[in-house]
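Content type PDB, C-alpha atoms and all ligand atoms, from the file model07.pdb:
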```
MODEL        1
ATOM      1  CA  MET F   1     -17.259  -1.753   7.289  1.00  0.00           C
ATOM      2  CA  LEU F   2     -17.356  -3.912   4.187  1.00  0.00           C
ATOM      3  CA  SER F   3     -19.980  -2.492   1.829  1.00  0.00           C
ATOM      4  CA  GLU F   4     -22.700  -4.700   0.377  1.00  0.00           C
ATOM      5  CA  GLU F   5     -21.212  -4.012  -3.074  1.00  0.00           C
ATOM      6  CA  SER F   6     -17.810  -5.229  -1.916  1.00  0.00           C
ATOM      7  CA  LYS F   7     -19.295  -8.330  -0.318  1.00  0.00           C
ATOM      8  CA  ALA F   8     -21.034  -9.150  -3.605  1.00  0.00           C
ATOM      9  CA  GLU F   9     -17.814  -8.520  -5.530  1.00  0.00           C
ATOM     10  CA  ILE F  10     -15.830 -10.730  -3.165  1.00  0.00           C
ATOM     11  CA  ARG F  11     -18.354 -13.563  -3.541  1.00  0.00           C
ATOM     12  CA  LYS F  12     -18.148 -13.193  -7.317  1.00  0.00           C
ATOM     13  CA  ILE F  13     -14.344 -13.275  -7.332  1.00  0.00           C
ATOM     14  CA  ARG F  14     -14.295 -16.156  -4.816  1.00  0.00           C
ATOM     15  CA  ASP F  15     -16.536 -18.265  -7.036  1.00  0.00           C
ATOM     16  CA  GLU F  16     -14.194 -17.807 -10.017  1.00  0.00           C
ATOM     17  CA  TYR F  17     -11.404 -19.771  -8.332  1.00  0.00           C
ATOM     18  CA  PRO F  18     -11.254 -23.500  -7.581  1.00  0.00           C
ATOM     19  CA  ASP F  19      -9.377 -22.625  -4.368  1.00  0.00           C
ATOM     20  CA  GLN F  20     -11.088 -19.808  -2.493  1.00  0.00           C
ATOM     21  CA  LYS F  21      -7.816 -18.627  -0.956  1.00  0.00           C
ATOM     22  CA  SER F  22      -6.749 -17.513  -4.438  1.00  0.00           C
ATOM     23  CA  ALA F  23      -9.303 -14.707  -4.185  1.00  0.00           C
ATOM     24  CA  LEU F  24      -7.896 -13.294  -0.964  1.00  0.00           C
ATOM     25  CA  LEU F  25      -5.716 -10.599  -2.520  1.00  0.00           C
ATOM     26  CA  PRO F  26      -8.526  -8.869  -4.446  1.00  0.00           C
ATOM     27  CA  ALA F  27     -10.829  -9.359  -1.451  1.00  0.00           C
ATOM     28  CA  LEU F  28      -8.348  -7.681   0.858  1.00  0.00           C
ATOM     29  CA  TYR F  29      -7.887  -4.808  -1.590  1.00  0.00           C
ATOM     30  CA  LEU F  30     -11.629  -4.206  -1.526  1.00  0.00           C
ATOM     31  CA  ALA F  31     -11.701  -4.426   2.259  1.00  0.00           C
ATOM     32  CA  GLN F  32      -8.798  -2.018   2.646  1.00  0.00           C
ATOM     33  CA  ARG F  33     -10.564   0.482   0.429  1.00  0.00           C
ATOM     34  CA  ASP F  34     -13.808   0.161   2.402  1.00  0.00           C
ATOM     35  CA  PHE F  35     -12.027   0.496   5.747  1.00  0.00           C
ATOM     36  CA  GLY F  36     -10.337   3.760   4.805  1.00  0.00           C
ATOM     37  CA  GLY F  37      -6.973   2.501   3.647  1.00  0.00           C
ATOM     38  CA  TRP F  38      -6.082  -0.048   6.324  1.00  0.00           C
ATOM     39  CA  LEU F  39      -7.209  -3.388   7.720  1.00  0.00           C
ATOM     40  CA  PRO F  40      -8.344  -3.569  11.338  1.00  0.00           C
ATOM     41  CA  ASP F  41      -9.199  -6.950  12.890  1.00  0.00           C
ATOM     42  CA  GLU F  42     -12.835  -6.276  12.015  1.00  0.00           C
ATOM     43  CA  ALA F  43     -11.899  -6.271   8.322  1.00  0.00           C
ATOM     44  CA  PHE F  44     -10.321  -9.721   8.657  1.00  0.00           C
ATOM     45  CA  ASP F  45     -13.447 -10.999  10.380  1.00  0.00           C
ATOM     46  CA  GLN F  46     -15.714  -9.696   7.649  1.00  0.00           C
ATOM     47  CA  VAL F  47     -13.574 -10.927   4.759  1.00  0.00           C
ATOM     48  CA  ALA F  48     -13.288 -14.349   6.395  1.00  0.00           C
ATOM     49  CA  ALA F  49     -17.067 -14.527   6.852  1.00  0.00           C
ATOM     50  CA  VAL F  50     -17.766 -13.647   3.210  1.00  0.00           C
ATOM     51  CA  MET F  51     -15.058 -15.967   1.904  1.00  0.00           C
ATOM     52  CA  GLY F  52     -15.955 -18.853   4.193  1.00  0.00           C
ATOM     53  CA  LEU F  53     -12.354 -19.078   5.406  1.00  0.00           C
ATOM     54  CA  PRO F  54     -10.773 -19.026   8.864  1.00  0.00           C
ATOM     55  CA  VAL F  55      -9.771 -15.556  10.068  1.00  0.00           C
ATOM     56  CA  THR F  56      -6.220 -16.851  10.512  1.00  0.00           C
ATOM     57  CA  ALA F  57      -5.991 -17.619   6.774  1.00  0.00           C
ATOM     58  CA  VAL F  58      -7.054 -14.067   5.932  1.00  0.00           C
ATOM     59  CA  ALA F  59      -4.660 -12.563   8.476  1.00  0.00           C
ATOM     60  CA  ALA F  60      -1.759 -14.690   7.240  1.00  0.00           C
ATOM     61  CA  VAL F  61      -2.104 -13.435   3.670  1.00  0.00           C
ATOM     62  CA  ALA F  62      -2.615  -9.811   4.711  1.00  0.00           C
ATOM     63  CA  SER F  63       0.418  -9.805   6.977  1.00  0.00           C
ATOM     64  CA  PHE F  64       2.697 -11.153   4.224  1.00  0.00           C
ATOM     65  CA  TYR F  65       2.203  -8.266   1.788  1.00  0.00           C
ATOM     66  CA  THR F  66       3.378  -4.713   2.412  1.00  0.00           C
ATOM     67  CA  MET F  67       0.499  -3.222   0.432  1.00  0.00           C
ATOM     68  CA  PHE F  68      -1.884  -4.168   3.199  1.00  0.00           C
ATOM     69  CA  HIS F  69      -1.746  -1.850   6.193  1.00  0.00           C
ATOM     70  CA  ARG F  70      -2.502  -2.839   9.777  1.00  0.00           C
ATOM     71  CA  LYS F  71      -2.783   0.663  11.130  1.00  0.00           C
ATOM     72  CA  PRO F  72      -4.223   3.901   9.736  1.00  0.00           C
ATOM     73  CA  VAL F  73      -2.164   5.462   6.957  1.00  0.00           C
ATOM     74  CA  GLY F  74      -1.978   8.871   5.351  1.00  0.00           C
ATOM     75  CA  GLN F  75      -3.722  10.006   2.197  1.00  0.00           C
ATOM     76  CA  TYR F  76      -0.529   9.242   0.293  1.00  0.00           C
ATOM     77  CA  VAL F  77       1.381   6.083   1.172  1.00  0.00           C
ATOM     78  CA  ILE F  78       4.947   6.388  -0.062  1.00  0.00           C
ATOM     79  CA  GLN F  79       6.673   3.012  -0.334  1.00  0.00           C
ATOM     80  CA  VAL F  80      10.390   3.259  -1.020  1.00  0.00           C
ATOM     81  CA  CYS F  81      12.077   0.048  -2.116  1.00  0.00           C
ATOM     82  CA  THR F  82      15.480  -0.482  -0.499  1.00  0.00           C
ATOM     83  CA  ASN F  83      16.138  -3.944  -1.868  1.00  0.00           C
ATOM     84  CA  ILE F  84      19.369  -4.699  -3.696  1.00  0.00           C
ATOM     85  CA  SER F  85      18.923  -2.966  -7.080  1.00  0.00           C
ATOM     86  CA  CYS F  86      17.385   0.127  -5.560  1.00  0.00           C
ATOM     87  CA  SER F  87      19.877   0.137  -2.710  1.00  0.00           C
ATOM     88  CA  LEU F  88      22.836   0.034  -5.100  1.00  0.00           C
ATOM     89  CA  LEU F  89      21.445   3.109  -6.826  1.00  0.00           C
ATOM     90  CA  GLY F  90      20.882   5.194  -3.723  1.00  0.00           C
ATOM     91  CA  ALA F  91      17.504   4.182  -2.316  1.00  0.00           C
ATOM     92  CA  GLU F  92      18.550   4.739   1.309  1.00  0.00           C
ATOM     93  CA  HIS F  93      19.628   8.268   0.435  1.00  0.00           C
ATOM     94  CA  LEU F  94      16.248   8.917  -1.203  1.00  0.00           C
ATOM     95  CA  LEU F  95      14.396   7.409   1.739  1.00  0.00           C
ATOM     96  CA  ALA F  96      16.300   9.636   4.165  1.00  0.00           C
ATOM     97  CA  HIS F  97      15.684  12.647   1.951  1.00  0.00           C
ATOM     98  CA  ILE F  98      11.940  12.023   1.834  1.00  0.00           C
ATOM     99  CA  GLY F  99      11.893  11.484   5.588  1.00  0.00           C
ATOM    100  CA  ARG F 100      13.676  14.794   6.216  1.00  0.00           C
ATOM    101  CA  ASN F 101      11.356  16.558   3.776  1.00  0.00           C
ATOM    102  CA  LEU F 102       8.229  15.231   5.504  1.00  0.00           C
ATOM    103  CA  GLY F 103       9.612  15.246   9.039  1.00  0.00           C
ATOM    104  CA  ILE F 104       8.884  11.549   9.596  1.00  0.00           C
ATOM    105  CA  GLY F 105      10.727   8.252   9.554  1.00  0.00           C
ATOM    106  CA  PRO F 106       9.824   4.947   7.929  1.00  0.00           C
ATOM    107  CA  GLY F 107       6.607   3.565   9.375  1.00  0.00           C
ATOM    108  CA  GLU F 108       5.356   7.000  10.403  1.00  0.00           C
ATOM    109  CA  THR F 109       2.599   9.299   9.199  1.00  0.00           C
ATOM    110  CA  THR F 110       2.736  13.083   9.111  1.00  0.00           C
ATOM    111  CA  GLN F 111       0.638  14.771  11.782  1.00  0.00           C
ATOM    112  CA  ASP F 112      -1.687  16.245   9.181  1.00  0.00           C
ATOM    113  CA  GLY F 113      -2.443  12.726   7.912  1.00  0.00           C
ATOM    114  CA  ARG F 114      -1.258  13.449   4.389  1.00  0.00           C
ATOM    115  CA  PHE F 115       1.781  11.176   4.055  1.00  0.00           C
ATOM    116  CA  THR F 116       2.876   7.790   5.341  1.00  0.00           C
ATOM    117  CA  LEU F 117       6.445   6.715   4.599  1.00  0.00           C
ATOM    118  CA  LEU F 118       7.317   3.030   4.321  1.00  0.00           C
ATOM    119  CA  GLU F 119      10.569   1.225   3.553  1.00  0.00           C
ATOM    120  CA  VAL F 120       9.670  -1.898   1.594  1.00  0.00           C
ATOM    121  CA  GLU F 121      11.187  -4.874  -0.152  1.00  0.00           C
ATOM    122  CA  CYS F 122      11.352  -5.306  -3.941  1.00  0.00           C
ATOM    123  CA  LEU F 123       8.327  -3.972  -5.788  1.00  0.00           C
ATOM    124  CA  GLY F 124       9.283  -5.577  -9.086  1.00  0.00           C
ATOM    125  CA  SER F 125      10.747  -2.559 -10.884  1.00  0.00           C
ATOM    126  CA  CYS F 126      14.396  -3.500 -10.369  1.00  0.00           C
ATOM    127  CA  GLY F 127      15.327  -2.604 -13.953  1.00  0.00           C
ATOM    128  CA  THR F 128      14.301   1.002 -13.368  1.00  0.00           C
ATOM    129  CA  ALA F 129      15.713   1.401  -9.878  1.00  0.00           C
ATOM    130  CA  PRO F 130      15.668   3.297  -7.677  1.00  0.00           C
ATOM    131  CA  MET F 131      11.911   3.416  -7.419  1.00  0.00           C
ATOM    132  CA  MET F 132       9.036   4.123  -5.116  1.00  0.00           C
ATOM    133  CA  GLN F 133       5.307   3.678  -5.189  1.00  0.00           C
ATOM    134  CA  VAL F 134       2.810   6.294  -4.036  1.00  0.00           C
ATOM    135  CA  ASN F 135      -0.568   4.662  -3.493  1.00  0.00           C
ATOM    136  CA  ASP F 136      -1.084   2.775  -6.776  1.00  0.00           C
ATOM    137  CA  ARG F 137       1.375   4.763  -8.876  1.00  0.00           C
ATOM    138  CA  THR F 138       4.967   3.736  -9.529  1.00  0.00           C
ATOM    139  CA  TYR F 139       7.811   6.238  -9.924  1.00  0.00           C
ATOM    140  CA  GLU F 140      11.035   4.944 -11.432  1.00  0.00           C
ATOM    141  CA  ASN F 141      14.616   6.009 -12.165  1.00  0.00           C
ATOM    142  CA  LEU F 142      14.368   8.347  -9.218  1.00  0.00           C
ATOM    143  CA  THR F 143      16.753  11.129  -8.331  1.00  0.00           C
ATOM    144  CA  VAL F 144      16.569  13.603  -5.469  1.00  0.00           C
ATOM    145  CA  GLU F 145      15.288  16.183  -7.956  1.00  0.00           C
ATOM    146  CA  LYS F 146      12.528  13.879  -9.213  1.00  0.00           C
ATOM    147  CA  VAL F 147      11.494  13.041  -5.670  1.00  0.00           C
ATOM    148  CA  GLU F 148      11.341  16.746  -4.827  1.00  0.00           C
ATOM    149  CA  GLN F 149       9.070  17.364  -7.804  1.00  0.00           C
ATOM    150  CA  ILE F 150       6.777  14.480  -6.877  1.00  0.00           C
ATOM    151  CA  LEU F 151       6.462  15.572  -3.248  1.00  0.00           C
ATOM    152  CA  THR F 152       5.809  19.181  -4.256  1.00  0.00           C
ATOM    153  CA  ARG F 153       3.105  18.109  -6.680  1.00  0.00           C
ATOM    154  CA  LEU F 154       1.456  15.808  -4.157  1.00  0.00           C
ATOM    155  CA  ALA F 155       1.493  18.518  -1.496  1.00  0.00           C
ATOM    156  CA  ARG F 156      -0.110  20.928  -3.975  1.00  0.00           C
ATOM    157  CA  GLU F 157      -2.761  18.399  -5.065  1.00  0.00           C
ATOM    158  CA  ASP F 158      -3.688  17.851  -1.473  1.00  0.00           C
ATOM    159  CA  ALA F 159      -3.844  21.528  -0.501  1.00  0.00           C
TER     160      ALA F 159
HETATM  161  S1  LIG F 201      15.033  -3.958  -5.905  1.00  0.00           S
HETATM  162 FE1  LIG F 201      13.786  -2.184  -5.901  1.00  0.00          FE
HETATM  163  S2  LIG F 201      12.176  -2.731  -7.233  1.00  0.00           S
HETATM  164 FE2  LIG F 201      13.338  -4.541  -7.134  1.00  0.00          FE
ENDMDL
END
```
Go ahead and express the file in the form of structure tokens.
Amino acid sequence: MLSEESKAEIRKIRDEYPDQKSALLPALYLAQRDFGGWLPDEAFDQVAAVMGLPVTAVAAVASFYTMFHRKPVGQYVIQVCTNISCSLLGAEHLLAHIGRNLGIGPGETTQDGRFTLLEVECLGSCGTAPMMQVNDRTYENLTVEKVEQILTRLAREDA
């Protein structure tokens, strides 16, 4: 459920823009946080009500961006870019390696709810490809060894 603090924040952000739709990204970020990391239909309804927009406008924006999740995700959401720069430097190999390591494929979450693995389009770090993002943190110039270190550290942090 959208917290009263988030509703107030969304109204504040909304009122800063001449076009209310411009505030949808930060509003959806707040909603995703309040709903435990993903956006059920109820989240769209509540954001639309606070923003004074049709639910379809909220849903359209949320469905366009890969950082908004439509089903429950793990504690760590690993987004591996496989667009052209990353692909040329071995992103598919890294994606497969991470999948084998975690025992899941793209779009899946480990049974313990720790990790969700996603294959995504360009995340804007093409110059430091291959790259991935884990929650809000970006990891660049990846190698299998670097990925191993990151996964080991995340597994330890979560233990
Ligand atoms: S192609 Fe991977 S970040 Fe742009």
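Going from atom S1 of ligand LIG 201 (chain F) over to CA of His69 (chain F), you cover 20.8 Å.
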Original post:
Closest to Leu88 (chain F) among F:Thr128, F:Gln75, F:Thr152, F:Ser3, using all atoms listed in the file?
Top reply: F:Thr128
Original post:
Once you count all atoms listed in the file, which residues end up within 7 Å of ligand LIG 201 (chain F), and could you hand them over as a PyMOL selection string?
Top reply: chain F and resi 81-86+121-126+129-131
Just the selected residues (C-alpha atoms), exported as an mmCIF file, in the frame of the given file, please.
```
data_model
loop_
_atom_site.group_PDB
_atom_site.id
_atom_site.type_symbol
_atom_site.label_atom_id
_atom_site.label_comp_id
_atom_site.auth_asym_id
_atom_site.auth_seq_id
_atom_site.Cartn_x
_atom_site.Cartn_y
_atom_site.Cartn_z
ATOM 1 C CA CYS F 81 12.077 0.048 -2.116
ATOM 2 C CA THR F 82 15.480 -0.482 -0.499
ATOM 3 C CA ASN F 83 16.138 -3.944 -1.868
ATOM 4 C CA ILE F 84 19.369 -4.699 -3.696
ATOM 5 C CA SER F 85 18.923 -2.966 -7.080
ATOM 6 C CA CYS F 86 17.385 0.127 -5.560
ATOM 7 C CA GLU F 121 11.187 -4.874 -0.152
ATOM 8 C CA CYS F 122 11.352 -5.306 -3.941
ATOM 9 C CA LEU F 123 8.327 -3.972 -5.788
ATOM 10 C CA GLY F 124 9.283 -5.577 -9.086
ATOM 11 C CA SER F 125 10.747 -2.559 -10.884
ATOM 12 C CA CYS F 126 14.396 -3.500 -10.369
ATOM 13 C CA ALA F 129 15.713 1.401 -9.878
ATOM 14 C CA PRO F 130 15.668 3.297 -7.677
ATOM 15 C CA MET F 131 11.911 3.416 -7.419
#
```
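Among the candidate residues F:Met67, F:Leu24, F:Ile98, F:Ala48, the one lying nearest to Lys146 (chain F) is F:Ile98, with distances computed using only C-alpha atoms.
Closest to Val77 (chain F) among F:Gly103, F:Pro26, F:Gly37, F:Pro18 is F:Gly37, based on all atoms listed in the file.
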**OP:** Around the point (2.2, 14.2, -2.9), in the coordinates given by the file, pick out the residues reaching within 10 Å, counting all atoms listed in the file, and return them as a PyMOL selection string.
**Re:** chain F and resi 75-78+114-115+134-135+147-159
Hey, could you pull the box centre and edge lengths for region 103-110 of chain F, axis-aligned, 5 Å padding per side, all listed atoms, to one decimal in Å, as AutoDock Vina command-line options?
```
--center_x 6.7 --center_y 9.4 --center_z 9.2 --size_x 18.1 --size_y 21.7 --size_z 12.5
```
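When all atoms listed in the file are used to compute distances to Gly52 (chain F), the closest of the residues F:Leu118, F:Ala23, F:Met132, F:Leu142 turns out to be F:Ala23.
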Original post:
Between F:Arg14, F:Phe44, F:Thr143, F:Leu89, which is the closest to Gly127 (chain F) once you count only C-alpha atoms?
Top reply: F:Leu89
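Closest approach to Thr109 (chain F) among F:Thr138, F:Arg33, F:Lys71, F:Gly90 is made by F:Lys71 (distances from all atoms listed in the file).
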Original post:
Near Leu30 (chain F), within 10 Å and counting all atoms listed in the file, which residues show up once chain neighbours fewer than 2 positions away are dropped, as a count of residues only?
Top reply: 18
Original post:
What does the distance from CA of Ala31 (chain F) to CA of Ala43 (chain F) come to in Å, to one decimal?
Top reply: 6.3 Å
**OP:** May I ask for the distance between CA of Leu39 (chain F) and CA of Leu117 (chain F), given in Å to one decimal place?
**Re:** 17.3 Å
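When the PyMOL selection byres (((chain F and resi 55) around 10) and not hetatm) is run on the displayed coordinates, the residues it returns are Asp41, Glu42, Ala43, Phe44, Asp45, Gln46, Val47, Ala48, Ala49, Met51, Gly52, Leu53, Pro54, Thr56, Ala57, Val58, Ala59 and Ala60 of chain F.
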**OP:** Using the chain letters and residue numbers of this document, give as a list in words the residues selected by the PyMOL selection byres (((chain F and resi 106) around 8) and not hetatm).
**Re:** Gly99, Ile104, Gly105, Gly107, Glu108, Thr116, Leu117, Leu118 and Glu119 of chain F
Would you save the residues of that selection, restricted to C-alpha atoms, as a PDB file, keeping the file's coordinate frame?
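So the final result, stored in result01.pdb, reads:
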```
ATOM      1  CA  GLY F  99      11.893  11.484   5.588  1.00  0.00           C
ATOM      2  CA  ILE F 104       8.884  11.549   9.596  1.00  0.00           C
ATOM      3  CA  GLY F 105      10.727   8.252   9.554  1.00  0.00           C
ATOM      4  CA  GLY F 107       6.607   3.565   9.375  1.00  0.00           C
ATOM      5  CA  GLU F 108       5.356   7.000  10.403  1.00  0.00           C
ATOM      6  CA  THR F 116       2.876   7.790   5.341  1.00  0.00           C
ATOM      7  CA  LEU F 117       6.445   6.715   4.599  1.00  0.00           C
ATOM      8  CA  LEU F 118       7.317   3.030   4.321  1.00  0.00           C
ATOM      9  CA  GLU F 119      10.569   1.225   3.553  1.00  0.00           C
TER      10      GLU F 119
END
```
Where atoms are absent from region 29-40 of chain F, fill them in so it carries all heavy atoms, then output it as a PDB file, in the coordinates of the input.
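Okay, this is what ended up in selection03.pdb:
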```pdb
ATOM      1  N   TYR F  29      -7.936  -6.153  -0.975  1.00  0.00           N
ATOM      2  CA  TYR F  29      -7.887  -4.808  -1.590  1.00  0.00           C
ATOM      3  C   TYR F  29      -9.223  -4.093  -1.404  1.00  0.00           C
ATOM      4  O   TYR F  29      -9.271  -2.918  -1.045  1.00  0.00           O
ATOM      5  CB  TYR F  29      -7.572  -4.903  -3.080  1.00  0.00           C
ATOM      6  CG  TYR F  29      -6.107  -4.810  -3.414  1.00  0.00           C
ATOM      7  CD1 TYR F  29      -5.466  -5.850  -4.076  1.00  0.00           C
ATOM      8  CD2 TYR F  29      -5.369  -3.678  -3.097  1.00  0.00           C
ATOM      9  CE1 TYR F  29      -4.121  -5.772  -4.396  1.00  0.00           C
ATOM     10  CE2 TYR F  29      -4.027  -3.591  -3.404  1.00  0.00           C
ATOM     11  CZ  TYR F  29      -3.409  -4.635  -4.058  1.00  0.00           C
ATOM     12  OH  TYR F  29      -2.082  -4.549  -4.368  1.00  0.00           O
ATOM     13  N   LEU F  30     -10.303  -4.807  -1.681  1.00  0.00           N
ATOM     14  CA  LEU F  30     -11.629  -4.206  -1.526  1.00  0.00           C
ATOM     15  C   LEU F  30     -11.877  -3.822  -0.065  1.00  0.00           C
ATOM     16  O   LEU F  30     -12.398  -2.741   0.222  1.00  0.00           O
ATOM     17  CB  LEU F  30     -12.709  -5.179  -2.014  1.00  0.00           C
ATOM     18  CG  LEU F  30     -12.769  -5.389  -3.522  1.00  0.00           C
ATOM     19  CD1 LEU F  30     -13.643  -6.590  -3.869  1.00  0.00           C
ATOM     20  CD2 LEU F  30     -13.303  -4.136  -4.215  1.00  0.00           C
ATOM     21  N   ALA F  31     -11.495  -4.707   0.841  1.00  0.00           N
ATOM     22  CA  ALA F  31     -11.701  -4.426   2.259  1.00  0.00           C
ATOM     23  C   ALA F  31     -10.884  -3.209   2.698  1.00  0.00           C
ATOM     24  O   ALA F  31     -11.385  -2.336   3.405  1.00  0.00           O
ATOM     25  CB  ALA F  31     -11.324  -5.648   3.093  1.00  0.00           C
ATOM     26  N   GLN F  32      -9.645  -3.148   2.253  1.00  0.00           N
ATOM     27  CA  GLN F  32      -8.798  -2.018   2.646  1.00  0.00           C
ATOM     28  C   GLN F  32      -9.383  -0.698   2.134  1.00  0.00           C
ATOM     29  O   GLN F  32      -9.356   0.309   2.839  1.00  0.00           O
ATOM     30  CB  GLN F  32      -7.374  -2.224   2.129  1.00  0.00           C
ATOM     31  CG  GLN F  32      -6.405  -1.147   2.573  1.00  0.00           C
ATOM     32  CD  GLN F  32      -4.963  -1.580   2.492  1.00  0.00           C
ATOM     33  OE1 GLN F  32      -4.402  -2.077   3.461  1.00  0.00           O
ATOM     34  NE2 GLN F  32      -4.332  -1.390   1.358  1.00  0.00           N
ATOM     35  N   ARG F  33      -9.918  -0.725   0.960  1.00  0.00           N
ATOM     36  CA  ARG F  33     -10.564   0.482   0.429  1.00  0.00           C
ATOM     37  C   ARG F  33     -11.765   0.863   1.300  1.00  0.00           C
ATOM     38  O   ARG F  33     -11.923   2.018   1.690  1.00  0.00           O
ATOM     39  CB  ARG F  33     -11.009   0.235  -1.018  1.00  0.00           C
ATOM     40  CG  ARG F  33     -11.612   1.454  -1.685  1.00  0.00           C
ATOM     41  CD  ARG F  33     -12.383   1.077  -2.910  1.00  0.00           C
ATOM     42  NE  ARG F  33     -13.515   0.217  -2.569  1.00  0.00           N
ATOM     43  CZ  ARG F  33     -14.231  -0.477  -3.438  1.00  0.00           C
ATOM     44  NH1 ARG F  33     -13.921  -0.447  -4.704  1.00  0.00           N
ATOM     45  NH2 ARG F  33     -15.256  -1.222  -3.053  1.00  0.00           N
ATOM     46  N   ASP F  34     -12.591  -0.119   1.626  1.00  0.00           N
ATOM     47  CA  ASP F  34     -13.808   0.161   2.402  1.00  0.00           C
ATOM     48  C   ASP F  34     -13.492   0.611   3.829  1.00  0.00           C
ATOM     49  O   ASP F  34     -14.266   1.357   4.427  1.00  0.00           O
ATOM     50  CB  ASP F  34     -14.705  -1.076   2.459  1.00  0.00           C
ATOM     51  CG  ASP F  34     -15.444  -1.325   1.149  1.00  0.00           C
ATOM     52  OD1 ASP F  34     -15.222  -0.560   0.191  1.00  0.00           O
ATOM     53  OD2 ASP F  34     -16.236  -2.281   1.096  1.00  0.00           O
ATOM     54  N   PHE F  35     -12.378   0.139   4.366  1.00  0.00           N
ATOM     55  CA  PHE F  35     -12.027   0.496   5.747  1.00  0.00           C
ATOM     56  C   PHE F  35     -11.118   1.729   5.812  1.00  0.00           C
ATOM     57  O   PHE F  35     -10.473   1.971   6.827  1.00  0.00           O
ATOM     58  CB  PHE F  35     -11.378  -0.696   6.452  1.00  0.00           C
ATOM     59  CG  PHE F  35     -12.373  -1.691   6.985  1.00  0.00           C
ATOM     60  CD1 PHE F  35     -12.907  -2.673   6.147  1.00  0.00           C
ATOM     61  CD2 PHE F  35     -12.823  -1.638   8.292  1.00  0.00           C
ATOM     62  CE1 PHE F  35     -13.839  -3.592   6.620  1.00  0.00           C
ATOM     63  CE2 PHE F  35     -13.753  -2.557   8.782  1.00  0.00           C
ATOM     64  CZ  PHE F  35     -14.271  -3.526   7.945  1.00  0.00           C
ATOM     65  N   GLY F  36     -11.074   2.495   4.759  1.00  0.00           N
ATOM     66  CA  GLY F  36     -10.337   3.760   4.805  1.00  0.00           C
ATOM     67  C   GLY F  36      -8.847   3.631   4.663  1.00  0.00           C
ATOM     68  O   GLY F  36      -8.097   4.474   5.162  1.00  0.00           O
ATOM     69  N   GLY F  37      -8.392   2.591   3.963  1.00  0.00           N
ATOM     70  CA  GLY F  37      -6.973   2.501   3.647  1.00  0.00           C
ATOM     71  C   GLY F  37      -6.159   1.578   4.535  1.00  0.00           C
ATOM     72  O   GLY F  37      -4.944   1.498   4.389  1.00  0.00           O
ATOM     73  N   TRP F  38      -6.818   0.911   5.477  1.00  0.00           N
ATOM     74  CA  TRP F  38      -6.082  -0.048   6.324  1.00  0.00           C
ATOM     75  C   TRP F  38      -7.022  -1.162   6.745  1.00  0.00           C
ATOM     76  O   TRP F  38      -8.225  -1.101   6.474  1.00  0.00           O
ATOM     77  CB  TRP F  38      -5.458   0.667   7.516  1.00  0.00           C
ATOM     78  CG  TRP F  38      -6.416   1.200   8.531  1.00  0.00           C
ATOM     79  CD1 TRP F  38      -7.294   2.240   8.348  1.00  0.00           C
ATOM     80  CD2 TRP F  38      -6.614   0.743   9.865  1.00  0.00           C
ATOM     81  NE1 TRP F  38      -8.015   2.448   9.494  1.00  0.00           N
ATOM     82  CE2 TRP F  38      -7.613   1.552  10.456  1.00  0.00           C
ATOM     83  CE3 TRP F  38      -6.034  -0.267  10.638  1.00  0.00           C
ATOM     84  CZ2 TRP F  38      -8.047   1.363  11.761  1.00  0.00           C
ATOM     85  CZ3 TRP F  38      -6.464  -0.445  11.954  1.00  0.00           C
ATOM     86  CH2 TRP F  38      -7.455   0.380  12.501  1.00  0.00           C
ATOM     87  N   LEU F  39      -6.439  -2.186   7.397  1.00  0.00           N
ATOM     88  CA  LEU F  39      -7.209  -3.388   7.720  1.00  0.00           C
ATOM     89  C   LEU F  39      -7.207  -3.658   9.224  1.00  0.00           C
ATOM     90  O   LEU F  39      -6.283  -4.299   9.751  1.00  0.00           O
ATOM     91  CB  LEU F  39      -6.616  -4.595   6.982  1.00  0.00           C
ATOM     92  CG  LEU F  39      -6.751  -4.583   5.466  1.00  0.00           C
ATOM     93  CD1 LEU F  39      -5.848  -5.649   4.837  1.00  0.00           C
ATOM     94  CD2 LEU F  39      -8.201  -4.797   5.042  1.00  0.00           C
ATOM     95  N   PRO F  40      -8.228  -3.201   9.921  1.00  0.00           N
ATOM     96  CA  PRO F  40      -8.344  -3.569  11.338  1.00  0.00           C
ATOM     97  C   PRO F  40      -8.794  -5.027  11.463  1.00  0.00           C
ATOM     98  O   PRO F  40      -9.193  -5.645  10.468  1.00  0.00           O
ATOM     99  CB  PRO F  40      -9.428  -2.613  11.856  1.00  0.00           C
ATOM    100  CG  PRO F  40     -10.257  -2.291  10.659  1.00  0.00           C
ATOM    101  CD  PRO F  40      -9.320  -2.345   9.467  1.00  0.00           C
TER     102      PRO F  40
END
```
